[in-house]
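Q: Quick one, structure_28.txt (compact mmCIF, C-alpha atoms (C1' of nucleotides)):
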```
# COMPACT_ATOMS: atom_id res chain seq x y z
CA MET A 27 0.00 0.00 0.00
CA PRO A 28 1.40 3.29 -1.19
CA ASP A 29 1.35 6.04 1.34
CA SER A 30 -1.67 6.70 3.50
CA VAL A 31 -0.67 3.99 5.95
CA HIS A 32 0.37 6.25 8.78
CA ARG A 33 -2.88 8.04 9.24
CA SER A 34 -4.95 8.81 12.27
CA ASP A 35 -5.90 5.18 12.71
CA ASP A 36 -9.15 5.42 14.58
CA THR A 37 -11.07 2.29 15.45
CA PRO A 38 -10.34 -0.50 17.93
CA ALA A 39 -6.69 -0.72 16.91
CA PHE A 40 -5.93 2.78 18.10
CA VAL A 41 -8.02 2.29 21.21
CA GLN A 42 -6.03 -0.78 22.20
CA LEU A 43 -2.72 0.96 21.58
CA VAL A 44 -3.72 3.78 23.87
CA LEU A 45 -5.13 1.59 26.62
CA GLY A 46 -2.13 -0.70 26.40
CA LEU A 47 0.30 2.15 26.89
CA VAL A 48 -1.64 3.76 29.71
CA ARG A 49 -1.57 0.45 31.54
CA ARG A 50 2.22 0.53 31.32
CA ILE A 51 2.59 3.93 32.96
CA PRO A 52 4.22 3.23 36.35
CA ALA A 53 2.56 4.38 39.56
CA ALA A 54 3.53 7.91 40.55
CA LYS A 55 4.26 8.72 36.91
CA VAL A 56 2.08 10.47 34.31
CA MET A 57 1.99 11.21 30.60
CA THR A 58 0.13 13.99 28.84
CA TYR A 59 -2.37 13.27 26.05
CA GLY A 60 0.13 14.65 23.61
CA ASP A 61 2.91 12.46 25.01
CA VAL A 62 0.78 9.38 24.42
CA ALA A 63 0.04 10.27 20.80
CA GLU A 64 3.67 11.13 20.19
CA PHE A 65 4.97 7.96 21.80
CA LEU A 66 2.60 5.79 19.79
CA GLU A 67 3.30 7.84 16.68
CA ARG A 68 -0.39 7.68 15.95
CA GLY A 69 -3.30 10.01 16.33
CA THR A 70 -3.32 13.33 18.12
CA ALA A 71 -3.75 14.49 21.68
CA ARG A 72 -7.37 15.13 20.90
CA GLN A 73 -7.94 11.58 19.74
CA VAL A 74 -6.24 10.21 22.81
CA GLY A 75 -8.60 12.30 24.88
CA ALA A 76 -11.53 10.83 23.00
CA VAL A 77 -10.34 7.30 23.77
CA MET A 78 -9.89 8.12 27.45
CA ALA A 79 -13.34 9.61 27.59
CA GLY A 80 -14.84 6.40 26.31
CA TYR A 81 -12.64 3.68 27.80
CA GLY A 82 -10.66 5.42 30.51
CA SER A 83 -12.43 3.54 33.26
CA GLU A 84 -10.64 0.36 32.15
CA VAL A 85 -7.18 1.72 32.94
CA PRO A 86 -5.31 3.96 35.41
CA TRP A 87 -6.79 7.05 33.71
CA TRP A 88 -5.49 9.52 36.31
CA ARG A 89 -1.98 8.90 34.95
CA VAL A 90 -2.89 10.73 31.74
CA VAL A 91 -3.34 14.47 32.14
CA ASN A 92 -3.37 17.49 29.87
CA ALA A 93 -0.32 19.63 29.18
CA SER A 94 -1.04 21.70 32.28
CA GLY A 95 -1.11 18.67 34.53
CA ARG A 96 -4.85 18.82 35.03
CA LEU A 97 -7.94 16.77 34.37
CA PRO A 98 -11.50 18.00 33.86
CA GLU A 99 -13.43 19.20 36.87
CA HIS A 100 -15.52 16.11 37.49
CA LEU A 101 -12.46 13.86 37.78
CA ARG A 102 -10.16 15.91 39.98
CA GLY A 103 -11.40 14.48 43.25
CA GLU A 104 -10.83 10.85 42.30
CA ALA A 105 -7.55 11.69 40.67
CA ALA A 106 -6.26 13.55 43.72
CA ALA A 107 -7.00 10.55 45.92
CA ASN A 108 -4.95 8.32 43.65
CA TYR A 109 -2.04 10.78 43.42
CA LEU A 110 -1.95 11.00 47.16
CA ALA A 111 -2.08 7.20 47.47
CA GLU A 112 0.73 6.53 45.02
CA GLY A 113 2.92 9.51 45.81
CA THR A 114 2.55 11.53 42.64
CA PRO A 115 3.75 15.12 43.05
CA TYR A 116 0.44 16.93 43.26
CA ASP A 117 -0.36 20.56 44.00
CA LEU A 118 -3.55 20.44 46.04
CA GLU A 119 -4.02 24.20 45.84
CA ARG A 120 -3.99 24.43 42.08
CA GLU A 121 -5.35 20.91 41.64
CA LYS A 122 -2.69 19.87 39.21
CA VAL A 123 0.19 17.44 38.89
CA ARG A 124 3.67 18.90 38.83
CA LEU A 125 4.78 17.38 35.55
CA ALA A 126 8.39 18.35 36.05
CA GLY A 127 8.71 15.75 38.77
CA CYS A 128 6.84 12.73 37.41
CA ARG A 129 6.50 12.87 33.64
CA TRP A 130 7.13 9.46 32.11
CA ASP A 131 8.93 9.22 28.78
CA GLY A 132 8.14 5.58 28.09
CA SER A 133 11.48 4.23 29.22
CA ARG A 134 11.99 2.48 32.51
C1' DA B 24 -22.34 18.92 2.70
C1' DG B 25 -22.10 22.10 7.11
C1' DC B 26 -21.92 23.02 12.02
C1' DC B 27 -20.94 21.95 16.77
C1' DT B 28 -18.71 19.56 20.51
C1' DG B 29 -14.85 17.50 23.03
C1' DA B 30 -10.77 14.11 29.35
C1' DC B 31 -6.03 18.65 23.68
C1' DA B 32 -1.91 21.91 22.70
C1' DG B 33 1.00 25.81 21.22
C1' DA B 34 1.33 30.63 20.28
C1' DT B 35 0.19 35.05 21.40
C1' DA B 36 -1.56 39.10 24.21
C1' DG C 29 -0.21 34.14 36.00
C1' DT C 30 -5.12 34.03 32.87
C1' DA C 31 -7.72 34.66 28.37
C1' DT C 32 -8.17 33.95 23.48
C1' DC C 33 -7.31 32.21 19.12
C1' DT C 34 -5.96 28.69 15.91
C1' DG C 35 -4.95 24.05 14.52
C1' DC C 36 -6.16 19.54 15.28
C1' DC C 37 -9.40 15.36 14.19
C1' DA C 38 -13.18 12.15 15.17
C1' DG C 39 -18.32 11.81 15.95
C1' DG C 40 -22.93 13.30 16.21
C1' DC C 41 -26.70 15.72 14.18
```
Once more with this new file: its structure as structure tokens, please.
A:
Amino acid sequence: MPDSVHRSDDTPAFVQLVLGLVRRIPAAKVMTYGDVAEFLERGTARQVGAVMAGYGSEVPWWRVVNASGRLPEHLRGEAAANYLAEGTPYDLEREKVRLAGCRWDGSR
DNA sequence: AGCCTGACAGATA
DNA sequence: GTATCTGCCAGGC
């Protein structure tokens, strides 16, 4: 097949790639939506967000945050509890993860 | 087809 | 620091 192979790959394949990676994020570490897309070399941050919105409950979803280290309003409470439990650097005042201290690059 | 929405992100003011 | 705008791309109507 000529070119258009590396396209936005939607569908179950992309979903599984995302969920699979999120499951590999170590405790006390996080990745941003953009990091996930970049690491997989597929899709965009926005698409990753769409997957999380639909299937996030199946994985440690609090380990994927936006570029500011935050999650939408309705999830912050649950997320905070998990950060506290696993020792993720979390700013309770601003309700956001301090990415500088726990961003995961995919390596171990 | 068009228009809007969304667990996003970078640039700019 | 916050607010806005633009680009992004899939899905729903």
Q: Pull the closest atom pair for each residue of chain C that gets at most 9 Å from chain A, along with the distance in Å to one decimal, counting all atoms listed in the file, ordering rows by chain and then ascending residue number, as JSON lines.
A:
```
{"residue": "C:DC36", "atom": "C1'", "partner": "A:Arg72", "partner_atom": "CA", "distance": 7.2}
{"residue": "C:DC37", "atom": "C1'", "partner": "A:Gln73", "partner_atom": "CA", "distance": 6.9}
{"residue": "C:DA38", "atom": "C1'", "partner": "A:Gln73", "partner_atom": "CA", "distance": 7.0}
```
Q: Compute the chain A side of the contact with chain B at 8 Å, counting all atoms listed in the file, and hand it back as number ranges by chain.
A: A: 59-60, 71-72, 75-76, 78-79, 91-93, 97-98
Q: Find the axis-aligned box for segment 92-102 of chain A, covering all its listed atoms and adding 5 Å on each side, and write its centre and edge lengths in Å to one decimal as JSON.
A:
```
{"center_x": -7.9, "center_y": 17.8, "center_z": 34.6, "size_x": 25.2, "size_y": 17.8, "size_z": 20.8}
```
Q: Please report the interatomic distance between atom CA of Ala54 of chain A and atom CA of Arg89 of chain A in Å with one decimal.
A: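 The value is 7.9 Å.
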Q: Could you state the separation of atom CA of Tyr109 of chain A and atom CA of Val74 of chain A in Å, given to one decimal place?
A: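 Pair atom CA of Tyr109 of chain A / atom CA of Val74 of chain A returns 21.0 Å.
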Q: Write out as a PyMOL selection string which residues come within 12 Å of Ser133 of chain A when counting all atoms listed in the file, dropping same-chain ones fewer than 2 positions away.
A: chain A and resi 47+50-52+55+57+65+129-131
Q: Have segment 38-59 of chain A completed to N, CA and C atoms, please, and pass it along as a tab-separated table (two decimals), in the coordinates of the input.
A:
```tsv
chain	number	residue	atom	x	y	z
A	38	PRO	N	-10.84	0.33	16.84
A	38	PRO	CA	-10.34	-0.50	17.93
A	38	PRO	C	-8.83	-0.59	18.02
A	39	ALA	N	-8.15	-0.61	16.89
A	39	ALA	CA	-6.69	-0.72	16.91
A	39	ALA	C	-6.07	0.41	17.72
A	40	PHE	N	-6.46	1.61	17.39
A	40	PHE	CA	-5.93	2.78	18.10
A	40	PHE	C	-6.32	2.74	19.58
A	41	VAL	N	-7.54	2.38	19.83
A	41	VAL	CA	-8.02	2.29	21.21
A	41	VAL	C	-7.14	1.34	22.01
A	42	GLN	N	-6.86	0.19	21.48
A	42	GLN	CA	-6.03	-0.78	22.20
A	42	GLN	C	-4.61	-0.29	22.41
A	43	LEU	N	-4.07	0.42	21.43
A	43	LEU	CA	-2.72	0.96	21.58
A	43	LEU	C	-2.68	1.91	22.75
A	44	VAL	N	-3.68	2.78	22.80
A	44	VAL	CA	-3.72	3.78	23.87
A	44	VAL	C	-3.88	3.11	25.23
A	45	LEU	N	-4.88	2.25	25.34
A	45	LEU	CA	-5.13	1.59	26.62
A	45	LEU	C	-3.92	0.77	27.05
A	46	GLY	N	-3.30	0.12	26.08
A	46	GLY	CA	-2.13	-0.70	26.40
A	46	GLY	C	-1.01	0.13	26.98
A	47	LEU	N	-0.77	1.28	26.40
A	47	LEU	CA	0.30	2.15	26.89
A	47	LEU	C	-0.04	2.71	28.26
A	48	VAL	N	-1.25	3.17	28.42
A	48	VAL	CA	-1.64	3.76	29.71
A	48	VAL	C	-1.46	2.74	30.83
A	49	ARG	N	-1.75	1.49	30.53
A	49	ARG	CA	-1.57	0.45	31.54
A	49	ARG	C	-0.12	0.29	31.93
A	50	ARG	N	0.78	0.67	31.04
A	50	ARG	CA	2.22	0.53	31.32
A	50	ARG	C	2.80	1.70	32.10
A	51	ILE	N	2.05	2.78	32.22
A	51	ILE	CA	2.59	3.93	32.96
A	51	ILE	C	2.74	3.53	34.43
A	52	PRO	N	3.96	3.63	34.96
A	52	PRO	CA	4.22	3.23	36.35
A	52	PRO	C	3.46	4.12	37.34
A	53	ALA	N	3.22	3.59	38.51
A	53	ALA	CA	2.56	4.38	39.56
A	53	ALA	C	3.43	5.58	39.85
A	54	ALA	N	2.82	6.67	40.22
A	54	ALA	CA	3.53	7.91	40.55
A	54	ALA	C	4.16	8.56	39.32
A	55	LYS	N	3.77	8.10	38.14
A	55	LYS	CA	4.26	8.72	36.91
A	55	LYS	C	3.03	9.12	36.09
A	56	VAL	N	3.19	10.07	35.18
A	56	VAL	CA	2.08	10.47	34.31
A	56	VAL	C	2.59	10.79	32.91
A	57	MET	N	1.67	10.80	31.97
A	57	MET	CA	1.99	11.21	30.60
A	57	MET	C	0.88	12.18	30.22
A	58	THR	N	1.17	13.08	29.29
A	58	THR	CA	0.13	13.99	28.84
A	58	THR	C	-0.53	13.33	27.62
A	59	TYR	N	-1.67	13.83	27.22
A	59	TYR	CA	-2.37	13.27	26.05
A	59	TYR	C	-1.45	13.35	24.85
```
